[in-house]
Every structure is written in C-alpha cells, then in structure tokens.
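This is my_file.cif (mmCIF, C-alpha atoms).
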```cif
data_structure
loop_
_atom_site.group_PDB
_atom_site.id
_atom_site.type_symbol
_atom_site.label_atom_id
_atom_site.label_comp_id
_atom_site.auth_asym_id
_atom_site.auth_seq_id
_atom_site.Cartn_x
_atom_site.Cartn_y
_atom_site.Cartn_z
ATOM 1 C CA MET S 1 -6.289 20.980 0.537
ATOM 2 C CA GLY S 2 -4.488 19.278 3.372
ATOM 3 C CA SER S 3 -1.583 17.190 2.277
ATOM 4 C CA ARG S 4 0.887 15.700 4.700
ATOM 5 C CA THR S 5 4.478 16.536 4.037
ATOM 6 C CA ILE S 6 6.747 13.594 4.628
ATOM 7 C CA LYS S 7 10.334 14.274 5.591
ATOM 8 C CA PRO S 8 12.802 12.578 3.290
ATOM 9 C CA GLY S 9 15.054 10.001 4.902
ATOM 10 C CA PHE S 10 14.585 6.857 6.969
ATOM 11 C CA THR S 11 11.306 7.140 8.826
ATOM 12 C CA PHE S 12 9.877 4.159 10.701
ATOM 13 C CA GLU S 13 7.344 3.454 7.952
ATOM 14 C CA TYR S 14 9.979 3.550 5.207
ATOM 15 C CA THR S 15 12.347 1.296 7.129
ATOM 16 C CA MET S 16 9.576 -1.241 7.778
ATOM 17 C CA TRP S 17 8.569 -1.109 4.093
ATOM 18 C CA ILE S 18 12.120 -2.018 3.104
ATOM 19 C CA PHE S 19 12.345 -4.611 5.876
ATOM 20 C CA THR S 20 9.158 -6.330 4.714
ATOM 21 C CA ARG S 21 10.591 -6.872 1.242
ATOM 22 C CA ILE S 22 14.042 -7.888 2.466
ATOM 23 C CA SER S 23 12.686 -10.261 5.117
ATOM 24 C CA GLY S 24 10.295 -11.871 2.642
ATOM 25 C CA LEU S 25 13.057 -12.543 0.140
ATOM 26 C CA SER S 26 15.389 -13.731 2.902
ATOM 27 C CA MET S 27 12.818 -16.228 4.145
ATOM 28 C CA ILE S 28 12.456 -17.662 0.648
ATOM 29 C CA LEU S 29 16.254 -17.956 0.467
ATOM 30 C CA LEU S 30 16.490 -19.625 3.898
ATOM 31 C CA VAL S 31 13.775 -22.070 2.872
ATOM 32 C CA ILE S 32 15.677 -22.987 -0.279
ATOM 33 C CA ILE S 33 18.834 -23.525 1.781
ATOM 34 C CA GLY S 34 16.865 -25.768 4.136
ATOM 35 C CA ILE S 35 15.397 -27.931 1.386
ATOM 36 C CA THR S 36 18.721 -28.193 -0.471
ATOM 37 C CA ALA S 37 20.633 -29.179 2.638
ATOM 38 C CA ALA S 38 17.958 -31.723 3.520
ATOM 39 C CA PHE S 39 18.306 -33.372 0.127
ATOM 40 C CA PHE S 40 22.078 -33.406 0.457
ATOM 41 C CA MET S 41 21.774 -35.088 3.844
ATOM 42 C CA GLY S 42 19.663 -37.910 2.461
ATOM 43 C CA ALA S 43 16.081 -36.657 2.653
ATOM 44 C CA ARG S 44 15.192 -38.219 -0.691
ATOM 45 C CA THR S 45 15.246 -41.710 0.728
ATOM 46 C CA GLN S 46 14.959 -41.069 4.445
ATOM 47 C CA MET S 47 12.164 -38.560 4.753
ATOM 48 C CA ASP S 48 8.586 -38.347 3.592
ATOM 49 C CA LEU S 49 7.119 -35.198 2.130
ATOM 50 C CA PRO S 50 5.396 -33.824 5.251
ATOM 51 C CA THR S 51 8.612 -34.193 7.238
ATOM 52 C CA LEU S 52 10.511 -32.388 4.478
ATOM 53 C CA MET S 53 7.982 -29.550 4.552
ATOM 54 C CA ARG S 54 8.156 -29.308 8.315
ATOM 55 C CA TRP S 55 11.946 -29.154 8.099
ATOM 56 C CA THR S 56 11.781 -26.558 5.346
ATOM 57 C CA PHE S 57 9.765 -24.063 7.302
ATOM 58 C CA PHE S 58 11.455 -24.671 10.610
ATOM 59 C CA PRO S 59 14.675 -26.724 10.664
ATOM 60 C CA ASN S 60 14.209 -28.150 14.141
ATOM 61 C CA PRO S 61 15.265 -31.694 15.141
ATOM 62 C CA ASN S 62 11.752 -32.340 16.472
ATOM 63 C CA HIS S 63 10.555 -31.960 12.916
ATOM 64 C CA VAL S 64 12.541 -34.938 11.650
ATOM 65 C CA LEU S 65 11.421 -37.459 14.250
ATOM 66 C CA ASN S 66 9.061 -39.155 11.774
ATOM 67 C CA SER S 67 11.822 -39.966 9.370
ATOM 68 C CA GLU S 68 14.200 -42.863 8.921
ATOM 69 C CA ILE S 69 17.295 -40.832 9.560
ATOM 70 C CA PRO S 70 19.577 -43.027 11.627
ATOM 71 C CA ASP S 71 21.200 -40.308 13.694
ATOM 72 C CA ILE S 72 19.716 -36.842 13.872
ATOM 73 C CA THR S 73 22.409 -35.234 15.941
ATOM 74 C CA LEU S 74 24.998 -35.340 13.203
ATOM 75 C CA GLY S 75 23.632 -33.129 10.484
ATOM 76 C CA TRP S 76 20.270 -32.021 11.770
ATOM 77 C CA ALA S 77 20.564 -30.920 15.381
ATOM 78 C CA ASN S 78 23.578 -28.678 15.481
ATOM 79 C CA ALA S 79 24.224 -24.975 16.065
ATOM 80 C CA PHE S 80 24.014 -24.118 12.356
ATOM 81 C CA TRP S 81 20.383 -25.170 12.200
ATOM 82 C CA GLN S 82 19.593 -23.490 15.506
ATOM 83 C CA ILE S 83 20.924 -20.229 14.105
ATOM 84 C CA MET S 84 18.996 -20.781 10.853
ATOM 85 C CA GLN S 85 15.840 -21.324 12.875
ATOM 86 C CA ILE S 86 16.416 -18.178 14.899
ATOM 87 C CA LEU S 87 16.920 -16.192 11.684
ATOM 88 C CA ILE S 88 13.754 -17.633 10.139
ATOM 89 C CA ILE S 89 11.730 -16.891 13.253
ATOM 90 C CA PHE S 90 13.111 -13.374 13.578
ATOM 91 C CA PHE S 91 12.382 -12.508 9.939
ATOM 92 C CA ALA S 92 9.001 -14.223 9.985
ATOM 93 C CA GLY S 93 7.855 -12.784 13.301
ATOM 94 C CA THR S 94 8.855 -9.223 12.522
ATOM 95 C CA HIS S 95 7.440 -9.471 8.979
ATOM 96 C CA ALA S 96 4.181 -10.877 10.340
ATOM 97 C CA TYR S 97 3.634 -8.458 13.210
ATOM 98 C CA ASN S 98 4.481 -5.536 10.955
ATOM 99 C CA GLY S 99 1.877 -6.794 8.485
ATOM 100 C CA LEU S 100 -0.626 -7.028 11.330
ATOM 101 C CA ARG S 101 0.179 -3.435 12.264
ATOM 102 C CA ILE S 102 -0.454 -2.322 8.667
ATOM 103 C CA VAL S 103 -3.820 -4.099 8.511
ATOM 104 C CA LEU S 104 -4.731 -2.559 11.859
ATOM 105 C CA GLU S 105 -3.873 0.934 10.664
ATOM 106 C CA ASP S 106 -6.015 0.442 7.586
ATOM 107 C CA PHE S 107 -9.065 -0.283 9.668
ATOM 108 C CA MET S 108 -8.667 1.718 12.844
ATOM 109 C CA GLY S 109 -8.961 5.439 12.636
ATOM 110 C CA HIS S 110 -7.574 8.122 14.904
ATOM 111 C CA THR S 111 -9.092 6.834 18.118
ATOM 112 C CA ILE S 112 -7.381 6.075 21.393
ATOM 113 C CA ILE S 113 -7.725 2.342 20.660
ATOM 114 C CA ARG S 114 -5.164 2.426 17.876
ATOM 115 C CA PRO S 115 -2.033 3.162 19.919
ATOM 116 C CA LEU S 116 -3.237 0.628 22.485
ATOM 117 C CA LEU S 117 -3.504 -2.057 19.810
ATOM 118 C CA ARG S 118 -0.159 -1.049 18.351
ATOM 119 C CA GLY S 119 1.330 -1.487 21.806
ATOM 120 C CA LEU S 120 -0.341 -4.886 22.081
ATOM 121 C CA ILE S 121 1.120 -5.936 18.743
ATOM 122 C CA PHE S 122 4.570 -4.761 19.853
ATOM 123 C CA PHE S 123 4.281 -6.733 23.077
ATOM 124 C CA LEU S 124 3.069 -9.859 21.231
ATOM 125 C CA TRP S 125 6.016 -9.525 18.852
ATOM 126 C CA ILE S 126 8.592 -9.451 21.638
ATOM 127 C CA PHE S 127 6.782 -12.228 23.525
ATOM 128 C CA SER S 128 6.606 -14.494 20.444
ATOM 129 C CA LEU S 129 10.275 -13.988 19.617
ATOM 130 C CA ILE S 130 11.394 -14.811 23.151
ATOM 131 C CA LEU S 131 9.128 -17.868 23.268
ATOM 132 C CA ALA S 132 10.259 -19.157 19.887
ATOM 133 C CA ILE S 133 13.965 -18.662 20.619
ATOM 134 C CA TYR S 134 13.525 -20.531 23.898
ATOM 135 C CA VAL S 135 11.816 -23.435 22.081
ATOM 136 C CA ILE S 136 14.629 -23.501 19.506
ATOM 137 C CA LEU S 137 17.424 -23.556 22.051
ATOM 138 C CA ALA S 138 15.675 -26.032 24.317
ATOM 139 C CA SER S 139 14.969 -28.633 21.612
ATOM 140 C CA MET J 1 -14.160 18.430 2.274
ATOM 141 C CA SER J 2 -12.303 15.187 2.806
ATOM 142 C CA LEU J 3 -12.678 11.793 1.201
ATOM 143 C CA ASN J 4 -15.244 9.507 2.819
ATOM 144 C CA ARG J 5 -13.443 6.204 3.161
ATOM 145 C CA LYS J 6 -16.180 4.418 5.098
ATOM 146 C CA VAL J 7 -17.169 1.879 2.479
ATOM 147 C CA GLY J 8 -18.713 -1.397 3.547
ATOM 148 C CA PHE J 9 -16.969 -4.668 2.751
ATOM 149 C CA PHE J 10 -19.493 -5.917 0.192
ATOM 150 C CA GLN J 11 -19.727 -2.488 -1.406
ATOM 151 C CA GLY J 12 -15.941 -2.495 -1.728
ATOM 152 C CA LEU J 13 -16.051 -5.871 -3.466
ATOM 153 C CA LYS J 14 -17.941 -4.210 -6.321
ATOM 154 C CA TYR J 15 -14.779 -2.354 -7.316
ATOM 155 C CA ARG J 16 -13.662 -3.974 -10.520
ATOM 156 C CA GLY J 17 -10.000 -4.373 -9.701
ATOM 157 C CA LYS J 18 -10.049 -7.947 -11.040
ATOM 158 C CA GLY J 19 -6.822 -10.003 -10.855
ATOM 159 C CA PRO J 20 -4.563 -7.580 -9.020
ATOM 160 C CA MET J 21 -7.296 -6.725 -6.499
ATOM 161 C CA TRP J 22 -7.983 -10.409 -5.698
ATOM 162 C CA ALA J 23 -4.238 -10.984 -5.389
ATOM 163 C CA TRP J 24 -4.028 -8.120 -2.886
ATOM 164 C CA MET J 25 -7.046 -9.352 -0.916
ATOM 165 C CA LEU J 26 -5.835 -12.938 -0.869
ATOM 166 C CA HIS J 27 -2.352 -11.813 0.136
ATOM 167 C CA ARG J 28 -3.786 -9.927 3.097
ATOM 168 C CA ILE J 29 -6.143 -12.744 4.113
ATOM 169 C CA THR J 30 -3.424 -15.395 3.830
ATOM 170 C CA GLY J 31 -1.077 -13.201 5.839
ATOM 171 C CA LEU J 32 -3.588 -12.946 8.687
ATOM 172 C CA CYS J 33 -4.269 -16.686 8.488
ATOM 173 C CA ILE J 34 -0.564 -17.460 8.740
ATOM 174 C CA ILE J 35 -0.290 -15.357 11.883
ATOM 175 C CA LEU J 36 -3.304 -17.164 13.324
ATOM 176 C CA PHE J 37 -2.477 -20.770 12.414
ATOM 177 C CA VAL J 38 1.291 -20.682 12.764
ATOM 178 C CA GLY J 39 0.954 -18.617 15.930
ATOM 179 C CA PHE J 40 -1.352 -21.223 17.429
ATOM 180 C CA HIS J 41 1.081 -23.950 16.424
ATOM 181 C CA VAL J 42 4.075 -22.163 17.989
ATOM 182 C CA PHE J 43 2.263 -21.469 21.264
ATOM 183 C CA ALA J 44 0.770 -24.962 21.366
ATOM 184 C CA SER J 45 4.196 -26.527 20.748
ATOM 185 C CA PHE J 46 5.666 -24.466 23.575
ATOM 186 C CA PHE J 47 2.972 -25.530 26.028
ATOM 187 C CA MET J 48 3.186 -29.142 24.855
ATOM 188 C CA GLN J 49 6.931 -29.142 25.392
ATOM 189 C CA GLN J 50 6.843 -27.394 28.760
ATOM 190 C CA PHE J 51 3.684 -28.557 30.472
ATOM 191 C CA GLY J 52 2.463 -31.554 28.482
ATOM 192 C CA SER J 53 -0.793 -29.664 28.060
ATOM 193 C CA ASP J 54 -3.658 -31.672 26.547
ATOM 194 C CA ALA J 55 -5.347 -28.648 24.994
ATOM 195 C CA ALA J 56 -2.111 -27.702 23.263
ATOM 196 C CA THR J 57 -1.627 -31.277 22.049
ATOM 197 C CA SER J 58 -5.098 -31.343 20.507
ATOM 198 C CA ILE J 59 -4.466 -28.017 18.752
ATOM 199 C CA ASN J 60 -1.303 -29.500 17.290
ATOM 200 C CA ILE J 61 -3.059 -32.713 16.247
ATOM 201 C CA VAL J 62 -5.557 -30.673 14.209
ATOM 202 C CA TYR J 63 -2.787 -28.478 12.807
ATOM 203 C CA GLU J 64 -0.655 -31.438 11.723
ATOM 204 C CA SER J 65 -3.476 -33.461 10.139
ATOM 205 C CA TRP J 66 -3.161 -33.863 6.398
ATOM 206 C CA VAL J 67 -6.562 -32.311 5.668
ATOM 207 C CA PHE J 68 -5.685 -29.129 7.511
ATOM 208 C CA GLN J 69 -2.257 -29.037 5.900
ATOM 209 C CA ILE J 70 -3.853 -28.830 2.438
ATOM 210 C CA LEU J 71 -5.233 -25.448 3.516
ATOM 211 C CA VAL J 72 -2.070 -24.328 5.312
ATOM 212 C CA ILE J 73 0.169 -25.189 2.353
ATOM 213 C CA PHE J 74 -2.062 -23.214 -0.021
ATOM 214 C CA ILE J 75 -1.950 -20.235 2.314
ATOM 215 C CA VAL J 76 1.820 -20.284 2.780
ATOM 216 C CA ILE J 77 2.856 -20.967 -0.821
ATOM 217 C CA PHE J 78 0.403 -18.371 -2.190
ATOM 218 C CA HIS J 79 1.566 -15.713 0.253
ATOM 219 C CA ALA J 80 5.219 -16.468 -0.510
ATOM 220 C CA LEU J 81 4.846 -16.424 -4.316
ATOM 221 C CA ASN J 82 2.638 -13.337 -4.331
ATOM 222 C CA GLY J 83 5.001 -11.597 -1.935
ATOM 223 C CA PHE J 84 7.916 -12.515 -4.165
ATOM 224 C CA ARG J 85 6.114 -10.928 -7.134
ATOM 225 C CA ILE J 86 5.439 -7.752 -5.097
ATOM 226 C CA ALA J 87 9.027 -7.508 -3.834
ATOM 227 C CA VAL J 88 10.439 -7.992 -7.345
ATOM 228 C CA GLN J 89 8.085 -5.328 -8.705
ATOM 229 C CA ASP J 90 9.133 -2.959 -5.928
ATOM 230 C CA ILE J 91 12.827 -3.461 -6.619
ATOM 231 C CA TRP J 92 12.370 -2.994 -10.385
ATOM 232 C CA PRO J 93 9.434 -0.552 -10.683
ATOM 233 C CA PRO J 94 9.227 -0.712 -14.517
ATOM 234 C CA LEU J 95 7.930 -4.269 -14.041
ATOM 235 C CA GLN J 96 4.791 -2.826 -12.432
ATOM 236 C CA MET J 97 3.504 -2.164 -15.948
ATOM 237 C CA TYR J 98 3.162 -5.923 -16.425
ATOM 238 C CA GLN J 99 0.637 -6.833 -13.700
ATOM 239 C CA ARG J 100 -1.407 -9.246 -15.813
ATOM 240 C CA GLU J 101 1.602 -11.125 -17.165
ATOM 241 C CA SER J 102 3.263 -11.366 -13.769
ATOM 242 C CA LEU J 103 0.052 -12.768 -12.271
ATOM 243 C CA TRP J 104 -0.092 -15.380 -15.024
ATOM 244 C CA LEU J 105 3.527 -16.302 -14.311
ATOM 245 C CA GLN J 106 2.760 -16.490 -10.610
ATOM 246 C CA TRP J 107 -0.115 -18.947 -11.125
ATOM 247 C CA LEU J 108 1.994 -20.883 -13.623
ATOM 248 C CA VAL J 109 4.599 -21.460 -10.922
ATOM 249 C CA PHE J 110 2.063 -21.935 -8.127
ATOM 250 C CA ILE J 111 -0.088 -24.631 -9.723
ATOM 251 C CA PRO J 112 2.651 -27.270 -10.246
ATOM 252 C CA ILE J 113 4.257 -26.709 -6.844
ATOM 253 C CA TYR J 114 0.958 -26.758 -4.944
ATOM 254 C CA GLY J 115 -0.544 -29.494 -7.100
ATOM 255 C CA LEU J 116 2.371 -31.872 -6.654
ATOM 256 C CA THR J 117 2.495 -31.247 -2.928
ATOM 257 C CA ILE J 118 -1.169 -31.902 -2.264
ATOM 258 C CA PHE J 119 -1.208 -34.844 -4.651
ATOM 259 C CA ILE J 120 1.424 -36.529 -2.505
ATOM 260 C CA LEU J 121 -0.288 -35.339 0.682
ATOM 261 C CA ILE J 122 -3.725 -36.688 -0.289
ATOM 262 C CA GLN J 123 -2.279 -39.927 -1.628
ATOM 263 C CA ASN J 124 -0.390 -40.564 1.609
ATOM 264 C CA GLY J 125 -3.324 -39.389 3.671
ATOM 265 C CA ILE J 126 -5.760 -41.777 2.060
ATOM 266 C CA ILE J 127 -3.521 -44.803 2.266
ATOM 267 C CA GLY J 128 -2.845 -43.882 5.844
ATOM 268 C CA VAL J 129 0.858 -43.163 5.962
#
```

What do you get writing this file as structure tokens?
Amino acid sequence: MGSRTIKPGFTFEYTMWIFTRISGLSMILLVIIGITAAFFMGARTQMDLPTLMRWTFFPNPNHVLNSEIPDITLGWANAFWQIMQILIIFFAGTHAYNGLRIVLEDFMGHTIIRPLLRGLIFFLWIFSLILAIYVILAS
Amino acid sequence: MSLNRKVGFFQGLKYRGKGPMWAWMLHRITGLCIILFVGFHVFASFFMQQFGSDAATSINIVYESWVFQILVIFIVIFHALNGFRIAVQDIWPPLQMYQRESLWLQWLVFIPIYGLTIFILIQNGIIGV
C-alpha cells in the first residue's frame, strides 16, 4: 500500500490552496468596492449597465468612455483606480493560472510533457501580468 | 495493484454525483472559459491600443457584443458565486454537511442577479442602445 507522506507546514500546494480562496474572496470584495464607488460618483444617472459592468470588473478609464460622465479624470482616472486595477489583475491572473495548473495536473500524468506545460503556464502568467500592468499604467 | 483512473469522459458522466458534481464540473468549465475569453480580450485590447490591429479589434467587437456578453456574464457570475460557496465551506468546514441547501441558496442568489442583468442587456440590445 503506497501512500505519500506529506510534510506538515507550508508546501507550495497548500499555499496555493489558501491563495485561491483568499484571492477569490478579495476579488469579490474589490468588485463590490468598484460598484459602490461608481454609484457614489454618479453612475446611476450617468452610466448604462454594460459600462457599469465593465467598470466593475476592471476600473479603467477606457471602460467609462460610453457614459455621460462629464469629466473622467476627476474620480475615475486616478492612481487609486490604477492600483485597484493592478490588484484585481494580480489576484485574477494568479488565481486563474493556478486553476489552469490544477486542471492540467488532473489530466496529465507523470510524463515529460507535464513539467513543460507547467513551465508554459508559469511563463504565460508572468507575461500576462506584465502586459496587463502596462495596459493599466498606459491608459 | 493501483487504482485505474483512466475513465472516459462519457463514462465519468454516469457517476451519479448530481447537484454537487454538476456544480464542480460547471465551476471548472467556467474557469477555463474565463481564462480563454478574458485572456483573448486582454491581449486583443493590448494589441488594439499599441498597434491598432484589425484582428484584435474584431476580437474585441465580438467580445463586447451584447449577445456574447449574455454568455460571459453567466460564466463569470456563476464562477464567482460557486467559488464563494466553496471558499465559505472551506473556512467553516461544518457547513460542508449542507451541500444541497447551500446549492439552493446559491441558485436563489444567482437567478435574480443574472436575470436582472440579462433582462436589461437584452432590452437594450434589441432597441439598439
């Protein structure tokens, strides 16, 4: 009977398990902050629903162009929202690529392909984060 | 003598896991779809912004159309609500005894949020806003 013994303590798998839960809950919290702030800044009369949803999931000034907000630089295009966006993207990207890794490990066995694909996922994760942070800061 | 885990997809569907099993499957499928669709949108937005690429613009036009958004909103809201249920059950393990009730609660919250959103979406889409 071969059973793996797992060392107690913070292994990579355990840390990612915790991170998945924490990042998921944090994203929901960040989304609620986004929607609430949008309503405070006049979204009820100045934005339609799709614009509000775009803003909710990614508070970027490009996402409020289709609204009747007179001046987007004041409340919508400042450093606070850039930092919020970076947080959302970091949590979402890491949560997503970790999920992809888990699905991969459920389907790929102990072949040489698996570490190659894990490496690919790691590279895509770093690449996506850098790309997204560039888009955020350059908007 | 180890366990043979090589079960085909359709054979696996015969497992009668009912509600919780569909929730798990849908959570996994929606997760992969989010990576695909949102990933395409992020990359397409980058190339649109940097190079004015026509291919990227057409990807974004499909992504932002109201018909496609009906699917995307289902995927995102389901994944978020189901994930919230899983995270809560992981933080308070005694709640894992109440799978059926928590799934009912999840659908009870999901249906109004999703229904209202796509009602507005379809209404605005048909009148051409």

If we count only C-alpha atoms and set the cut-off at 7 Å, which residues sit around Ile59 in chain J, ignoring sequence neighbours fewer than 4 positions away in its own chain? Please answer as number ranges by chain.
J: 44, 55, 63

Excluding range 26-35 of chain S and residues on its chain fewer than 3 positions from it, collect all residues at most 8 Å away from it, counting all atoms listed in the file, and give them as a ChimeraX atom specification.
/S:22-23,38-39,52,55-57,59,84,88,91-92 /J:80

Show me which bits of chain J are within 10 Å of chain S, counting all atoms listed in the file, as a count of residues only.
38

From the options S:Leu137, S:Leu117, S:His110, S:Leu129, which residue's atoms come nearest to Trp81 in chain S, counting all atoms listed in the file?
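Smallest distance to Trp81 in chain S is found for S:Leu137.
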
Give as a short mmCIF file (atom, residue, chain, number, x, y, z; two decimals) with C-alpha atoms, in the coordinates of the input every residue, naming chains and numbers as the document does, that has an atom within 6 Å of (-2.7, -38.7, 8.1), counting all atoms listed in the file.
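Everything below was put into point_6.cif:
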```cif
data_model
loop_
_atom_site.label_atom_id
_atom_site.label_comp_id
_atom_site.auth_asym_id
_atom_site.auth_seq_id
_atom_site.Cartn_x
_atom_site.Cartn_y
_atom_site.Cartn_z
CA SER J 65 -3.48 -33.46 10.14
CA TRP J 66 -3.16 -33.86 6.40
CA GLY J 125 -3.32 -39.39 3.67
CA GLY J 128 -2.84 -43.88 5.84
#
```

Å distance separating CA of Val62 in chain J from CA of Phe40 in chain J, one decimal place:
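It comes out at 10.8 Å.
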
Closest to Gly17 in chain J among J:Gly52, J:Phe110, J:Leu105, J:Arg100, using only C-alpha atoms?
J:Arg100
